[in-house]
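**Q** One structure, pasted below without further comment.
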Amino acid sequence: MSGFTVGLAILGGLVLAALVAWNAWTTRRNTPRQPDAVVPTERIEPTERAEPIFDPMAPPPAQLEKKPGLDALIDVLAPIALESVISGEAALAAMPPTRRAGSKPFAVEGLNEATQQWEAPQPGQRYAAFQAGVQLANRTGALNEIEYSEFVMKAQAFADAVNGEPDFPDMLEEVGRARELDQFASAHDAQLSVTLRARTAAWSPGYVQQNAARLGFVPGAIPGRLVLPADAPGAPAVLGLSFDSQAAMADDPSQSALRAVTLSLDVPQVDRSEQPFVRMRDTAIALAASMEGLITDDNGDVIRVEGLDVIGADLEHLYDTLDTRDLAAGSPLARRLFS
């Protein structure tokens, strides 16, 4: 065999080896990383603990858990005077079928004859007076004239059913108050998020779940969402971690390739004492390190740790402003207003 032929054979072997290596690297890069064998890779769904859900106007639970009541700071209040004491059963029977006026929560509270406390009507209790309320603003906007009129109709129908006499405040004044509150809330609403992007190999849903679980995350209420529970029972989750829900619901999630997940913080919903932003920053750094990812913004630009610290400093001013307005982050009023 001539030297030229040998050279060609060697060159061909090198090219073939390079192709095999390239193929292996490409396959490895495109194969989603899997969790350790000790953690199942089945579809991610809620298991023992679901994401906390807050609905201030939901019917009270059977255990009579104390719920945040109506408050003149964020609600229109209409007192309802009674001719005589009314039972809780009669009050519940008179309640409207829906607890909203347009997009705003509507509620009725009774003055408990025995405790002299305002509460949602309860069976077996007696009430000396009632008050109806509708929320001035939420994330859908300010209470408008149409919603106020619907509130009046619902409250009047309840009052008629219990032989009561409502006293409604001036509509224009309340709508104006709603607009002012909505402007304040819009200017001080903060929902932060960062995106973790895979540097090389993609991630499987099980791989993301395993790494997040090591930091305290649990499955949320919907597929493709994990939450970091608050220390206080019943409080909203401190952080959320979300990814493509279709990947979580796939027939074989282990073959679903994720190249990005989103870490989020709803600032007004979480108590300041939970140090939510510090935990968000530390969680992002820890996940980026353990999953070989990059911390980026919505545009895909890399965010450095120093940039995260600047955001944290700005948030302290926001917390202070909410405190001075009696709408401290994580408080029942803030959770209702920023919902």
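Scheme for the structure tokens: letters A, B, ... for chains in order shown; per-chain residue numbers from 1; ligand numbers from 1 in order shown.
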Using only C-alpha atoms, find each residue in range 172-231 of chain A having at least one atom no more than 8 Å away from range 288-303 of chain A; report its shortest atom-to-atom pair and that distance in Å (one decimal), rows by chain then rising number, as JSON lines.

**A**
```
{"residue": "A:Ser193", "atom": "CA", "partner": "A:Asp297", "partner_atom": "CA", "distance": 7.7}
{"residue": "A:Val194", "atom": "CA", "partner": "A:Asp297", "partner_atom": "CA", "distance": 5.4}
{"residue": "A:Thr195", "atom": "CA", "partner": "A:Thr296", "partner_atom": "CA", "distance": 5.1}
{"residue": "A:Leu196", "atom": "CA", "partner": "A:Ile295", "partner_atom": "CA", "distance": 4.8}
{"residue": "A:Arg197", "atom": "CA", "partner": "A:Leu294", "partner_atom": "CA", "distance": 5.1}
{"residue": "A:Ala198", "atom": "CA", "partner": "A:Gly293", "partner_atom": "CA", "distance": 4.4}
{"residue": "A:Arg199", "atom": "CA", "partner": "A:Gly293", "partner_atom": "CA", "distance": 5.1}
{"residue": "A:Thr200", "atom": "CA", "partner": "A:Glu292", "partner_atom": "CA", "distance": 7.6}
{"residue": "A:Asn211", "atom": "CA", "partner": "A:Ser290", "partner_atom": "CA", "distance": 7.2}
```

**Q** Tell me which protein, DNA and RNA residues are within 6 Å of range 74-89 of chain A, counting only C-alpha atoms, leaving out same-chain ones fewer than 4 positions away, and put them as a ChimeraX atom specification.

**A** /A:121-136,164-168

**Q** For N, CA and C atoms, I'd like the residues from the last selection saved as a PDB file, in the first residue's frame.

**A**
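As a result, result_9.pdb now contains:
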```
ATOM      1  N   PRO A 121     -71.218  36.284  58.249  1.00  0.00           N
ATOM      2  CA  PRO A 121     -72.319  35.592  58.927  1.00  0.00           C
ATOM      3  C   PRO A 121     -72.065  34.101  59.094  1.00  0.00           C
ATOM      4  N   GLN A 122     -72.386  33.597  60.288  1.00  0.00           N
ATOM      5  CA  GLN A 122     -72.163  32.191  60.622  1.00  0.00           C
ATOM      6  C   GLN A 122     -73.448  31.569  61.145  1.00  0.00           C
ATOM      7  N   PRO A 123     -73.699  30.296  60.825  1.00  0.00           N
ATOM      8  CA  PRO A 123     -74.862  29.622  61.399  1.00  0.00           C
ATOM      9  C   PRO A 123     -74.755  29.575  62.922  1.00  0.00           C
ATOM     10  N   GLY A 124     -75.899  29.683  63.582  1.00  0.00           N
ATOM     11  CA  GLY A 124     -75.909  29.590  65.036  1.00  0.00           C
ATOM     12  C   GLY A 124     -75.577  30.889  65.747  1.00  0.00           C
ATOM     13  N   GLN A 125     -75.304  31.958  64.996  1.00  0.00           N
ATOM     14  CA  GLN A 125     -74.998  33.253  65.586  1.00  0.00           C
ATOM     15  C   GLN A 125     -76.144  34.243  65.328  1.00  0.00           C
ATOM     16  N   ARG A 126     -76.149  35.328  66.105  1.00  0.00           N
ATOM     17  CA  ARG A 126     -77.177  36.359  65.945  1.00  0.00           C
ATOM     18  C   ARG A 126     -76.485  37.709  65.725  1.00  0.00           C
ATOM     19  N   TYR A 127     -77.105  38.527  64.847  1.00  0.00           N
ATOM     20  CA  TYR A 127     -76.450  39.757  64.424  1.00  0.00           C
ATOM     21  C   TYR A 127     -77.356  40.970  64.631  1.00  0.00           C
ATOM     22  N   ALA A 128     -76.745  42.025  65.194  1.00  0.00           N
ATOM     23  CA  ALA A 128     -77.488  43.248  65.513  1.00  0.00           C
ATOM     24  C   ALA A 128     -77.410  44.288  64.410  1.00  0.00           C
ATOM     25  N   ALA A 129     -76.496  44.132  63.485  1.00  0.00           N
ATOM     26  CA  ALA A 129     -76.333  45.058  62.363  1.00  0.00           C
ATOM     27  C   ALA A 129     -75.491  44.373  61.296  1.00  0.00           C
ATOM     28  N   PHE A 130     -75.522  44.953  60.099  1.00  0.00           N
ATOM     29  CA  PHE A 130     -74.697  44.434  59.009  1.00  0.00           C
ATOM     30  C   PHE A 130     -74.010  45.598  58.308  1.00  0.00           C
ATOM     31  N   GLN A 131     -72.981  45.269  57.554  1.00  0.00           N
ATOM     32  CA  GLN A 131     -72.374  46.228  56.647  1.00  0.00           C
ATOM     33  C   GLN A 131     -71.987  45.499  55.365  1.00  0.00           C
ATOM     34  N   ALA A 132     -72.254  46.117  54.242  1.00  0.00           N
ATOM     35  CA  ALA A 132     -71.873  45.563  52.943  1.00  0.00           C
ATOM     36  C   ALA A 132     -70.666  46.342  52.437  1.00  0.00           C
ATOM     37  N   GLY A 133     -69.813  45.671  51.711  1.00  0.00           N
ATOM     38  CA  GLY A 133     -68.618  46.324  51.204  1.00  0.00           C
ATOM     39  C   GLY A 133     -68.216  45.825  49.835  1.00  0.00           C
ATOM     40  N   VAL A 134     -67.566  46.685  49.080  1.00  0.00           N
ATOM     41  CA  VAL A 134     -66.989  46.309  47.793  1.00  0.00           C
ATOM     42  C   VAL A 134     -65.604  46.920  47.728  1.00  0.00           C
ATOM     43  N   GLN A 135     -64.661  46.181  47.167  1.00  0.00           N
ATOM     44  CA  GLN A 135     -63.274  46.630  47.143  1.00  0.00           C
ATOM     45  C   GLN A 135     -63.094  47.780  46.153  1.00  0.00           C
ATOM     46  N   LEU A 136     -62.345  48.791  46.575  1.00  0.00           N
ATOM     47  CA  LEU A 136     -62.143  49.986  45.759  1.00  0.00           C
ATOM     48  C   LEU A 136     -61.279  49.731  44.529  1.00  0.00           C
ATOM     49  N   GLY A 164     -83.586  45.360  56.565  1.00  0.00           N
ATOM     50  CA  GLY A 164     -82.609  46.356  56.971  1.00  0.00           C
ATOM     51  C   GLY A 164     -82.663  47.601  56.112  1.00  0.00           C
ATOM     52  N   GLU A 165     -82.006  48.640  56.579  1.00  0.00           N
ATOM     53  CA  GLU A 165     -81.967  49.912  55.860  1.00  0.00           C
ATOM     54  C   GLU A 165     -80.515  50.283  55.597  1.00  0.00           C
ATOM     55  N   PRO A 166     -80.077  50.216  54.307  1.00  0.00           N
ATOM     56  CA  PRO A 166     -78.675  50.541  54.007  1.00  0.00           C
ATOM     57  C   PRO A 166     -78.459  52.042  53.883  1.00  0.00           C
ATOM     58  N   ASP A 167     -77.250  52.466  54.130  1.00  0.00           N
ATOM     59  CA  ASP A 167     -76.846  53.859  53.976  1.00  0.00           C
ATOM     60  C   ASP A 167     -75.628  53.886  53.056  1.00  0.00           C
ATOM     61  N   PHE A 168     -75.858  54.253  51.798  1.00  0.00           N
ATOM     62  CA  PHE A 168     -74.783  54.204  50.811  1.00  0.00           C
ATOM     63  C   PHE A 168     -74.032  55.529  50.745  1.00  0.00           C
TER      64      PHE A 168
END
```

**Q** Using only C-alpha atoms, determine which residues lie at most 12 Å from Phe106 in chain A, disregarding the query and same-chain residues fewer than 5 positions distant; provide the list as a PyMOL selection string.

**A** chain A and resi 55-59+69-70+74-78+95-101+120+131-137+143+147-148+150-155+158+336

**Q** Using the selection just defined, write its residues with N, CA and C atoms as a CSV table (one decimal), in the first residue's frame.

**A**
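Output (result22.csv):
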```csv
chain,number,residue,atom,x,y,z
A,55,ASP,N,-58.4,34.0,48.8
A,55,ASP,CA,-59.6,34.6,48.3
A,55,ASP,C,-60.3,35.2,49.4
A,56,PRO,N,-60.2,36.6,49.6
A,56,PRO,CA,-60.8,37.2,50.8
A,56,PRO,C,-62.3,37.1,50.8
A,57,MET,N,-62.9,36.9,49.7
A,57,MET,CA,-64.4,36.8,49.7
A,57,MET,C,-65.0,35.4,49.6
A,58,ALA,N,-64.1,34.4,49.8
A,58,ALA,CA,-64.6,33.0,49.7
A,58,ALA,C,-65.4,32.8,51.0
A,59,PRO,N,-66.4,31.8,50.9
A,59,PRO,CA,-67.1,31.5,52.1
A,59,PRO,C,-66.2,31.0,53.2
A,69,GLY,N,-61.2,41.1,57.5
A,69,GLY,CA,-62.5,41.7,57.3
A,69,GLY,C,-62.5,42.9,56.4
A,70,LEU,N,-63.7,43.5,56.2
A,70,LEU,CA,-63.8,44.7,55.4
A,70,LEU,C,-63.0,45.9,56.1
A,74,ILE,N,-59.6,50.2,52.0
A,74,ILE,CA,-59.6,49.7,50.6
A,74,ILE,C,-61.0,49.3,50.2
A,75,ASP,N,-62.0,49.5,51.0
A,75,ASP,CA,-63.4,49.1,50.7
A,75,ASP,C,-64.4,50.3,50.8
A,76,VAL,N,-65.4,50.2,49.9
A,76,VAL,CA,-66.6,51.1,50.1
A,76,VAL,C,-67.4,50.3,51.2
A,77,LEU,N,-67.9,51.1,52.2
A,77,LEU,CA,-68.7,50.5,53.3
A,77,LEU,C,-70.1,51.1,53.3
A,78,ALA,N,-71.1,50.2,53.4
A,78,ALA,CA,-72.5,50.7,53.5
A,78,ALA,C,-73.1,50.0,54.7
A,95,MET,N,-77.8,36.1,51.3
A,95,MET,CA,-76.6,36.5,50.5
A,95,MET,C,-76.8,36.3,49.0
A,96,PRO,N,-76.2,37.2,48.2
A,96,PRO,CA,-76.3,37.1,46.8
A,96,PRO,C,-75.6,35.8,46.3
A,97,PRO,N,-75.9,35.3,45.2
A,97,PRO,CA,-75.3,34.0,44.7
A,97,PRO,C,-73.8,34.2,44.3
A,98,THR,N,-73.4,35.4,43.9
A,98,THR,CA,-72.1,35.7,43.5
A,98,THR,C,-71.5,36.8,44.5
A,99,ARG,N,-70.2,36.7,44.8
A,99,ARG,CA,-69.6,37.6,45.7
A,99,ARG,C,-68.7,38.6,45.0
A,100,ARG,N,-69.2,39.1,43.9
A,100,ARG,CA,-68.4,40.1,43.2
A,100,ARG,C,-69.3,41.1,42.6
A,101,ALA,N,-68.9,42.4,42.4
A,101,ALA,CA,-69.5,43.4,41.7
A,101,ALA,C,-68.6,43.8,40.5
A,120,ALA,N,-68.0,37.5,59.0
A,120,ALA,CA,-68.9,36.9,58.0
A,120,ALA,C,-70.0,36.2,58.7
A,131,GLN,N,-73.0,45.3,57.6
A,131,GLN,CA,-72.4,46.2,56.6
A,131,GLN,C,-72.0,45.5,55.4
A,132,ALA,N,-72.3,46.1,54.2
A,132,ALA,CA,-71.9,45.6,52.9
A,132,ALA,C,-70.7,46.3,52.4
A,133,GLY,N,-69.8,45.7,51.7
A,133,GLY,CA,-68.6,46.3,51.2
A,133,GLY,C,-68.2,45.8,49.8
A,134,VAL,N,-67.6,46.7,49.1
A,134,VAL,CA,-67.0,46.3,47.8
A,134,VAL,C,-65.6,46.9,47.7
A,135,GLN,N,-64.7,46.2,47.2
A,135,GLN,CA,-63.3,46.6,47.1
A,135,GLN,C,-63.1,47.8,46.2
A,136,LEU,N,-62.3,48.8,46.6
A,136,LEU,CA,-62.1,50.0,45.8
A,136,LEU,C,-61.3,49.7,44.5
A,137,ALA,N,-60.3,48.8,44.6
A,137,ALA,CA,-59.4,48.6,43.5
A,137,ALA,C,-58.7,47.3,43.7
A,143,LEU,N,-62.5,50.7,41.0
A,143,LEU,CA,-64.0,50.5,41.0
A,143,LEU,C,-64.6,51.6,40.1
A,147,GLU,N,-69.7,49.2,38.3
A,147,GLU,CA,-69.5,48.3,39.4
A,147,GLU,C,-70.1,48.8,40.7
A,148,TYR,N,-70.0,50.1,40.9
A,148,TYR,CA,-70.6,50.7,42.1
A,148,TYR,C,-72.1,50.4,42.1
A,150,GLU,N,-73.8,48.0,40.7
A,150,GLU,CA,-74.0,46.6,40.9
A,150,GLU,C,-73.9,46.3,42.4
A,151,PHE,N,-72.9,47.0,43.1
A,151,PHE,CA,-72.7,46.8,44.5
A,151,PHE,C,-74.0,47.3,45.2
A,152,VAL,N,-74.5,48.5,44.8
A,152,VAL,CA,-75.7,49.0,45.5
A,152,VAL,C,-76.9,48.0,45.3
A,153,MET,N,-77.0,47.5,44.1
A,153,MET,CA,-78.2,46.5,43.9
A,153,MET,C,-78.0,45.3,44.8
A,154,LYS,N,-76.8,44.7,44.9
A,154,LYS,CA,-76.6,43.5,45.7
A,154,LYS,C,-76.8,43.8,47.2
A,155,ALA,N,-76.3,45.0,47.6
A,155,ALA,CA,-76.4,45.3,49.0
A,155,ALA,C,-77.9,45.6,49.4
A,158,PHE,N,-79.9,42.4,49.7
A,158,PHE,CA,-79.6,41.7,51.0
A,158,PHE,C,-80.3,42.5,52.1
A,336,ARG,N,-55.1,41.7,49.4
A,336,ARG,CA,-56.4,41.9,48.7
A,336,ARG,C,-56.2,43.0,47.6
```

**Q** Work out how far CA of Ala328 in chain A is from CA of Ile146 in chain A, in Å to one decimal.

**A**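 One can read the CA of Ile146 in chain A to CA of Ala328 in chain A distance as 29.8 Å.
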
**Q** Fewer than 5 positions away in the same chain doesn't count, so skip those; otherwise give me all residues within 6 Å of Gln191 in chain A, counting only C-alpha atoms, as an mmCIF file with C-alpha atoms, in the first residue's frame.

**A**
```
data_model
loop_
_atom_site.group_PDB
_atom_site.id
_atom_site.type_symbol
_atom_site.label_atom_id
_atom_site.label_comp_id
_atom_site.auth_asym_id
_atom_site.auth_seq_id
_atom_site.Cartn_x
_atom_site.Cartn_y
_atom_site.Cartn_z
ATOM 1 C CA LEU A 265 -41.621 37.052 43.363
ATOM 2 C CA ASP A 266 -44.919 38.888 43.870
ATOM 3 C CA VAL A 267 -43.562 41.590 46.194
#
```

**Q** Out of A:Ala213, A:Leu226, A:Ala178, A:Ala185, which residue has the shortest atom-to-atom distance to Ser242 in chain A when counting only C-alpha atoms?

**A**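 Smallest separation from Ser242 in chain A among the options: A:Leu226.
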
**Q** Do a neighbour search on Val227 in chain A at 12 Å with only C-alpha atoms, toss out local chain neighbours closer than 4 positions, and write the hits as an MDAnalysis selection string.

**A** chainID A and resid 46 49:53 209 212:213 215:223 236:243 262:266 280 283

**Q** DSSP on the backbone, alpha helix (DSSP H) only: what residues of range 48-213 of chain A does that give? Format it as a CSV table (one decimal) with N, CA and C atoms, in the first residue's frame.

**A**
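Written file, part_33.csv:
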```csv
chain,number,residue,atom,x,y,z
A,88,GLY,N,-77.9,34.0,61.9
A,88,GLY,CA,-76.9,33.8,60.9
A,88,GLY,C,-77.5,33.0,59.7
A,89,GLU,N,-78.4,32.1,60.0
A,89,GLU,CA,-79.0,31.3,59.0
A,89,GLU,C,-79.8,32.2,58.0
A,90,ALA,N,-80.6,33.2,58.6
A,90,ALA,CA,-81.3,34.1,57.8
A,90,ALA,C,-80.4,35.0,56.9
A,91,ALA,N,-79.3,35.4,57.5
A,91,ALA,CA,-78.4,36.2,56.8
A,91,ALA,C,-77.7,35.5,55.6
A,92,LEU,N,-77.4,34.2,55.9
A,92,LEU,CA,-76.7,33.4,54.8
A,92,LEU,C,-77.7,33.1,53.7
A,93,ALA,N,-79.0,33.0,54.0
A,93,ALA,CA,-80.0,32.7,53.0
A,93,ALA,C,-80.2,34.0,52.1
A,94,ALA,N,-79.9,35.1,52.7
A,94,ALA,CA,-80.2,36.4,51.9
A,94,ALA,C,-78.9,36.8,51.1
A,145,GLU,N,-68.2,53.3,38.0
A,145,GLU,CA,-69.6,53.6,38.3
A,145,GLU,C,-70.6,52.4,38.1
A,146,ILE,N,-70.3,51.6,37.0
A,146,ILE,CA,-71.1,50.5,36.8
A,146,ILE,C,-71.0,49.4,37.9
A,147,GLU,N,-69.7,49.2,38.3
A,147,GLU,CA,-69.5,48.3,39.4
A,147,GLU,C,-70.1,48.8,40.7
A,148,TYR,N,-70.0,50.1,40.9
A,148,TYR,CA,-70.6,50.7,42.1
A,148,TYR,C,-72.1,50.4,42.1
A,149,SER,N,-72.8,50.6,41.0
A,149,SER,CA,-74.2,50.4,40.9
A,149,SER,C,-74.6,49.0,41.1
A,150,GLU,N,-73.8,48.0,40.7
A,150,GLU,CA,-74.0,46.6,40.9
A,150,GLU,C,-73.9,46.3,42.4
A,151,PHE,N,-72.9,47.0,43.1
A,151,PHE,CA,-72.7,46.8,44.5
A,151,PHE,C,-74.0,47.3,45.2
A,152,VAL,N,-74.5,48.5,44.8
A,152,VAL,CA,-75.7,49.0,45.5
A,152,VAL,C,-76.9,48.0,45.3
A,153,MET,N,-77.0,47.5,44.1
A,153,MET,CA,-78.2,46.5,43.9
A,153,MET,C,-78.0,45.3,44.8
A,154,LYS,N,-76.8,44.7,44.9
A,154,LYS,CA,-76.6,43.5,45.7
A,154,LYS,C,-76.8,43.8,47.2
A,155,ALA,N,-76.3,45.0,47.6
A,155,ALA,CA,-76.4,45.3,49.0
A,155,ALA,C,-77.9,45.6,49.4
A,156,GLN,N,-78.6,46.3,48.5
A,156,GLN,CA,-80.0,46.6,48.7
A,156,GLN,C,-80.9,45.4,48.8
A,157,ALA,N,-80.6,44.4,47.9
A,157,ALA,CA,-81.3,43.2,47.9
A,157,ALA,C,-81.1,42.4,49.2
A,158,PHE,N,-79.9,42.4,49.7
A,158,PHE,CA,-79.6,41.7,51.0
A,158,PHE,C,-80.3,42.5,52.1
A,159,ALA,N,-80.3,43.8,52.1
A,159,ALA,CA,-80.9,44.6,53.1
A,159,ALA,C,-82.4,44.3,53.1
A,160,ASP,N,-83.0,44.3,52.0
A,160,ASP,CA,-84.5,44.0,51.9
A,160,ASP,C,-84.8,42.7,52.5
A,161,ALA,N,-84.0,41.7,52.2
A,161,ALA,CA,-84.3,40.3,52.7
A,161,ALA,C,-84.2,40.2,54.2
A,171,MET,N,-71.6,58.1,45.4
A,171,MET,CA,-70.9,57.3,44.4
A,171,MET,C,-69.7,58.0,43.8
A,172,LEU,N,-69.8,59.3,43.5
A,172,LEU,CA,-68.7,60.0,42.9
A,172,LEU,C,-67.5,60.1,43.8
A,173,GLU,N,-67.8,60.3,45.1
A,173,GLU,CA,-66.7,60.4,46.0
A,173,GLU,C,-65.9,59.0,46.1
A,174,GLU,N,-66.7,58.0,46.2
A,174,GLU,CA,-66.1,56.6,46.3
A,174,GLU,C,-65.3,56.2,45.0
A,175,VAL,N,-65.9,56.5,43.9
A,175,VAL,CA,-65.2,56.2,42.6
A,175,VAL,C,-63.9,57.1,42.5
A,176,GLY,N,-64.0,58.3,43.0
A,176,GLY,CA,-62.7,59.1,43.0
A,176,GLY,C,-61.7,58.5,44.0
A,177,ARG,N,-62.2,58.1,45.1
A,177,ARG,CA,-61.3,57.4,46.1
A,177,ARG,C,-60.7,56.2,45.5
A,178,ALA,N,-61.5,55.5,44.7
A,178,ALA,CA,-61.0,54.2,44.1
A,178,ALA,C,-59.9,54.5,43.1
A,179,ARG,N,-60.1,55.6,42.3
A,179,ARG,CA,-59.0,56.0,41.3
A,179,ARG,C,-57.7,56.4,42.0
A,180,GLU,N,-57.8,57.1,43.1
A,180,GLU,CA,-56.6,57.5,43.8
A,180,GLU,C,-55.9,56.3,44.3
A,181,LEU,N,-56.6,55.4,44.9
A,181,LEU,CA,-56.0,54.2,45.4
A,181,LEU,C,-55.4,53.3,44.3
A,182,ASP,N,-56.1,53.2,43.2
A,182,ASP,CA,-55.6,52.5,42.1
A,182,ASP,C,-54.3,53.1,41.5
A,183,GLN,N,-54.2,54.4,41.5
A,183,GLN,CA,-53.0,55.1,41.0
A,183,GLN,C,-51.8,54.7,41.9
A,184,PHE,N,-52.1,54.8,43.2
A,184,PHE,CA,-51.0,54.5,44.2
A,184,PHE,C,-50.6,53.0,44.0
A,185,ALA,N,-51.6,52.1,43.9
A,185,ALA,CA,-51.2,50.7,43.8
A,185,ALA,C,-50.5,50.4,42.5
A,186,SER,N,-50.9,51.0,41.4
A,186,SER,CA,-50.2,50.8,40.1
A,186,SER,C,-48.7,51.3,40.2
A,187,ALA,N,-48.5,52.4,40.9
A,187,ALA,CA,-47.2,52.9,41.0
A,187,ALA,C,-46.3,52.2,41.9
A,205,PRO,N,-38.1,18.0,33.3
A,205,PRO,CA,-38.8,18.5,34.4
A,205,PRO,C,-38.4,17.9,35.8
A,206,GLY,N,-38.1,16.6,35.7
A,206,GLY,CA,-37.7,15.9,37.0
A,206,GLY,C,-36.4,16.5,37.5
A,207,TYR,N,-35.5,16.8,36.6
A,207,TYR,CA,-34.2,17.4,37.0
A,207,TYR,C,-34.4,18.8,37.7
A,208,VAL,N,-35.3,19.6,37.1
A,208,VAL,CA,-35.6,20.9,37.7
A,208,VAL,C,-36.3,20.7,39.1
A,209,GLN,N,-37.2,19.8,39.1
A,209,GLN,CA,-37.9,19.5,40.4
A,209,GLN,C,-37.0,19.1,41.5
A,210,GLN,N,-36.0,18.2,41.1
A,210,GLN,CA,-35.1,17.7,42.1
A,210,GLN,C,-34.2,18.8,42.7
A,211,ASN,N,-33.7,19.6,41.8
A,211,ASN,CA,-32.8,20.7,42.2
A,211,ASN,C,-33.5,21.7,43.0
A,212,ALA,N,-34.8,22.0,42.7
A,212,ALA,CA,-35.6,23.0,43.4
A,212,ALA,C,-36.0,22.4,44.8
A,213,ALA,N,-36.3,21.1,44.8
A,213,ALA,CA,-36.7,20.5,46.1
A,213,ALA,C,-35.6,20.6,47.1
```
